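Notes follow once the structure below has been shown.
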Amino acid sequence: MSASTIEIAIDRIGAELIGMNWKRDDGSVVPIIWRNMDRQPPNDGFWRRHAPILFPIVGGIHENRSVATTGETIHFSGLHGFFRNSVVQMVGATPIADGFELSYRLDSNDATRDMYPWDFVVTVVYTVRPDGVDQAVTVTNTGTRPMPFQLGWHPGINMPVVSGGRKDCAIRLPAGPVTRMFNDENCFLTGRSEPFDTTRDFEFTEDGLQATYMFDCSMVRPDDRFVLVSDVRGRHSVRVAFPDYPHLGVWSDAGAPFVCIEPWQGMDDSVDAEPFDLKFGMVLLAPGLCDTRRASIRLIG
């Protein structure tokens, strides 16, 4: 579906944004998302996903298992929980003044309760506009107990955006007090952190991207929580904004022509395993309440 200059594709597996095309005035089409519009990417050694939603955890836990302080046992088959692998229900397709909205929903069920013993509804709304797409994810606790969860988005952005090469691209992190949080070879938090200089372009390395850069942006004003991925000389940029997410991951396969700009609420486990509900950035949602987090991908230039 499209809205003026933007065309997108959403998969019913995980409500994942699997394609985003920028249709330029000269008739050319620029693919913005990694593996753009490819439902069956080749197994070429690089990441095979596009922009999965992460729930009910971000990252991983020790041996994919954990226990909450209240006694619940949690287990997953891998990283990032189960939402990204779940079949969701499409519940709406609505035209709006300058585009349209697509809505999806996942309700807890026997399979999710086996892994994560809480009742919930997760709704995902994509709003497509002439210059990009907005995403809003709402988590509702439909059970009778407080529900611990983390939430994240994992969009891969093609590098370059239009022209040049990956080495010519620049990444600019949010302006403000950003803290880098260090992780070990398993991506677990070590407890070490330090202030990070965001006044210049982010000098990433291929090994660093492979290991994941993790940042705490909770002290940055919500309106300033965005990352720019720009071509050489900044003629074209992709702006990933995440006003409702306090944390950020920047990751890629070393040498691959993409970068994942990942808005997070929460991060991986710590080196020393913690109770599930005490993981860094865990939200404890009271029964009957909901929590909405917004992010967007916009084109500049």
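Chain labels follow the order of the structure tokens: the first chain is A, the next B, and so on; residue numbering restarts at 1 in every chain, and ligands are counted from 1 in their shown order.
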- Task: Find the spatial neighbours of Pro246 (chain A), counting only C-alpha atoms, within a cut-off of 7 Å - ignore same-chain residues fewer than 3 positions away - and output them as a ChimeraX atom specification.
- Result: /A:216-218,264-265
For the residues in the current selection, export N, CA and C atoms as a JSON list (two decimals), in the first residue's frame.
```
[["chain", "number", "residue", "atom", "x", "y", "z"],
["A", 216, "ASP", "N", 21.92, 4.50, 26.71],
["A", 216, "ASP", "CA", 20.84, 4.97, 27.56],
["A", 216, "ASP", "C", 20.57, 6.43, 27.19],
["A", 217, "CYS", "N", 19.39, 6.68, 26.62],
["A", 217, "CYS", "CA", 19.00, 8.02, 26.18],
["A", 217, "CYS", "C", 17.90, 8.59, 27.08],
["A", 218, "SER", "N", 17.74, 8.03, 28.26],
["A", 218, "SER", "CA", 16.61, 8.41, 29.11],
["A", 218, "SER", "C", 16.68, 9.86, 29.57],
["A", 264, "TRP", "N", 14.52, 0.97, 22.09],
["A", 264, "TRP", "CA", 14.29, -0.06, 23.10],
["A", 264, "TRP", "C", 13.68, 0.53, 24.36],
["A", 265, "GLN", "N", 12.87, -0.26, 25.02],
["A", 265, "GLN", "CA", 12.52, -0.09, 26.43],
["A", 265, "GLN", "C", 13.10, -1.32, 27.11]]
```
- Among the residues of region 29-184 of chain A, find those DSSP assigns to strand (DSSP E) from the backbone and print them as a PyMOL selection string. chain A and resi 29-31+53-54+65-67+73-75+89-96+99-107+120-129+132-141+147-149+151-153+156-158+170-172+178-183
If you run DSSP over the backbone, which residues in region 104-204 of chain A end up helix (DSSP H, G or I)? Put them as a CSV table (one decimal) with C-alpha atoms, in the first residue's frame.
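Below you can see result_29.csv, which holds the result:
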```csv
chain,number,residue,atom,x,y,z
A,110,ASP,CA,-1.9,-21.1,25.3
A,111,ALA,CA,1.4,-21.0,23.4
A,112,THR,CA,2.4,-17.5,24.7
A,113,ARG,CA,1.4,-18.4,28.3
A,114,ASP,CA,3.6,-21.5,28.2
A,115,MET,CA,6.6,-19.2,27.5
A,166,ARG,CA,28.6,2.4,3.6
A,167,LYS,CA,31.9,3.9,4.5
A,168,ASP,CA,30.6,7.3,3.2
```
- Excluding same-chain residues fewer than 4 positions from region 8-21 of chain A, what lies within 6 Å of it counting only C-alpha atoms, as an MDAnalysis selection string? chainID A and resid 1 30:33 36:37 50:52 83:88
For the residues in the current selection, export C-alpha atoms as a PDB file, in the first residue's frame.
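Contents of the output file out-v7.pdb:
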```
ATOM      1  CA  MET A   1       0.000   0.000   0.000  1.00  0.00           C
ATOM      2  CA  VAL A  30      14.698   3.931  -3.354  1.00  0.00           C
ATOM      3  CA  PRO A  31      14.438   0.923  -0.994  1.00  0.00           C
ATOM      4  CA  ILE A  32      14.781   2.095   2.607  1.00  0.00           C
ATOM      5  CA  ILE A  33      14.450  -1.141   4.610  1.00  0.00           C
ATOM      6  CA  ASN A  36      13.327  -4.616   1.142  1.00  0.00           C
ATOM      7  CA  MET A  37      10.085  -6.338   0.033  1.00  0.00           C
ATOM      8  CA  HIS A  50      13.752  -6.505   8.127  1.00  0.00           C
ATOM      9  CA  ALA A  51      12.257  -4.635  11.113  1.00  0.00           C
ATOM     10  CA  PRO A  52      10.898  -7.001  13.792  1.00  0.00           C
ATOM     11  CA  PHE A  83       6.092 -11.518  19.079  1.00  0.00           C
ATOM     12  CA  ARG A  84       8.324 -11.373  15.997  1.00  0.00           C
ATOM     13  CA  ASN A  85       7.469 -15.022  15.224  1.00  0.00           C
ATOM     14  CA  SER A  86       3.736 -14.847  16.041  1.00  0.00           C
ATOM     15  CA  VAL A  87       0.888 -14.727  13.533  1.00  0.00           C
ATOM     16  CA  VAL A  88      -1.047 -11.529  14.205  1.00  0.00           C
TER      17      VAL A  88
END
```
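Remark: for Pro160 (chain A), the closest of the candidate residues A:Thr123, A:Thr94, A:Asn141, A:Ser237 is A:Ser237 (distances computed over only C-alpha atoms).
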- Skip Leu102 (chain A) itself and residues of its chain fewer than 2 positions away, then list as a PyMOL selection string all residues within 6 Å of it, counting only C-alpha atoms. chain A and resi 92-93+125-126
- Coordinates-based distance that separates CA of Trp251 (chain A) from CA of Leu285 (chain A) (Å, one decimal):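 Computing the Euclidean distance for CA of Leu285 (chain A) and CA of Trp251 (chain A) yields 28.5 Å.
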- Of the candidates A:Pro148, A:Tyr104, A:Gln135, A:Gly143, which shows the shortest atom-to-atom distance to Asp277 (chain A), using only C-alpha atoms? A:Pro148
- Message: For Leu54 (chain A), find every residue with an atom within 9 Å (counting only C-alpha atoms), except residues of its own chain fewer than 4 positions away, and show them as an MDAnalysis selection string.
- Response: chainID A and resid 58:59 79:84 150:154 264
With N, CA and C atoms kept, could you save the residues just selected as a PDB file, in the first residue's frame?
```
ATOM      1  N   VAL A  58      13.649  -7.535  25.283  1.00  0.00           N
ATOM      2  CA  VAL A  58      14.627  -7.011  24.339  1.00  0.00           C
ATOM      3  C   VAL A  58      15.922  -7.772  24.576  1.00  0.00           C
ATOM      4  N   GLY A  59      16.486  -8.311  23.517  1.00  0.00           N
ATOM      5  CA  GLY A  59      17.733  -9.047  23.665  1.00  0.00           C
ATOM      6  C   GLY A  59      17.513 -10.435  24.218  1.00  0.00           C
ATOM      7  N   LEU A  79      16.368 -15.046  21.089  1.00  0.00           N
ATOM      8  CA  LEU A  79      16.395 -13.638  21.463  1.00  0.00           C
ATOM      9  C   LEU A  79      15.035 -12.964  21.239  1.00  0.00           C
ATOM     10  N   HIS A  80      14.812 -11.887  21.971  1.00  0.00           N
ATOM     11  CA  HIS A  80      13.740 -10.916  21.695  1.00  0.00           C
ATOM     12  C   HIS A  80      12.324 -11.434  21.914  1.00  0.00           C
ATOM     13  N   GLY A  81      12.141 -12.530  22.621  1.00  0.00           N
ATOM     14  CA  GLY A  81      10.795 -12.994  22.916  1.00  0.00           C
ATOM     15  C   GLY A  81      10.139 -13.695  21.743  1.00  0.00           C
ATOM     16  N   PHE A  82       8.799 -13.586  21.661  1.00  0.00           N
ATOM     17  CA  PHE A  82       8.050 -14.367  20.678  1.00  0.00           C
ATOM     18  C   PHE A  82       7.220 -13.551  19.704  1.00  0.00           C
ATOM     19  N   PHE A  83       7.007 -12.275  19.941  1.00  0.00           N
ATOM     20  CA  PHE A  83       6.092 -11.518  19.079  1.00  0.00           C
ATOM     21  C   PHE A  83       6.547 -11.558  17.621  1.00  0.00           C
ATOM     22  N   ARG A  84       7.819 -11.447  17.373  1.00  0.00           N
ATOM     23  CA  ARG A  84       8.324 -11.373  15.997  1.00  0.00           C
ATOM     24  C   ARG A  84       8.037 -12.633  15.197  1.00  0.00           C
ATOM     25  N   GLN A 150       9.379  -5.927  28.414  1.00  0.00           N
ATOM     26  CA  GLN A 150      10.188  -4.976  27.668  1.00  0.00           C
ATOM     27  C   GLN A 150       9.640  -4.912  26.250  1.00  0.00           C
ATOM     28  N   LEU A 151      10.018  -3.861  25.521  1.00  0.00           N
ATOM     29  CA  LEU A 151       9.485  -3.650  24.183  1.00  0.00           C
ATOM     30  C   LEU A 151      10.545  -2.974  23.324  1.00  0.00           C
ATOM     31  N   GLY A 152      10.586  -3.339  22.051  1.00  0.00           N
ATOM     32  CA  GLY A 152      11.547  -2.695  21.166  1.00  0.00           C
ATOM     33  C   GLY A 152      11.181  -2.856  19.705  1.00  0.00           C
ATOM     34  N   TRP A 153      11.867  -2.079  18.873  1.00  0.00           N
ATOM     35  CA  TRP A 153      11.746  -2.178  17.416  1.00  0.00           C
ATOM     36  C   TRP A 153      13.148  -2.329  16.860  1.00  0.00           C
ATOM     37  N   HIS A 154      13.273  -3.055  15.749  1.00  0.00           N
ATOM     38  CA  HIS A 154      14.586  -3.482  15.247  1.00  0.00           C
ATOM     39  C   HIS A 154      14.679  -3.219  13.739  1.00  0.00           C
ATOM     40  N   TRP A 264      14.522   0.973  22.094  1.00  0.00           N
ATOM     41  CA  TRP A 264      14.294  -0.062  23.104  1.00  0.00           C
ATOM     42  C   TRP A 264      13.683   0.531  24.359  1.00  0.00           C
TER      43      TRP A 264
END
```
- Task: Excluding Ile157 (chain A) and residues on its chain fewer than 5 positions from it, collect all residues at most 8 Å away from it, counting only C-alpha atoms, and give them as a PyMOL selection string.
- Result: chain A and resi 32-34+238+258-261
- Task: Give me the residues within 10 Å of Gly288 (chain A) as a list in words, counting only C-alpha atoms and dropping any in the same chain fewer than 6 places off.
- Result: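 Within the cut-off, the hits are Phe120, Thr140, Asn141, Thr142, Gly143, Thr144, Arg145 and Pro146 of chain A.
When only C-alpha atoms are used to compute distances to Trp22 (chain A), the closest of the residues A:Ala273, A:Met219, A:Val91, A:Leu299 turns out to be A:Leu299.
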- Could you check which of A:Ser66, A:Asn158, A:Ser252, A:Thr179 is closest to Asp197 (chain A), using only C-alpha atoms?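 Going through A:Ser66, A:Asn158, A:Ser252, A:Thr179 one by one, the smallest distance to Asp197 (chain A) is for A:Thr179.
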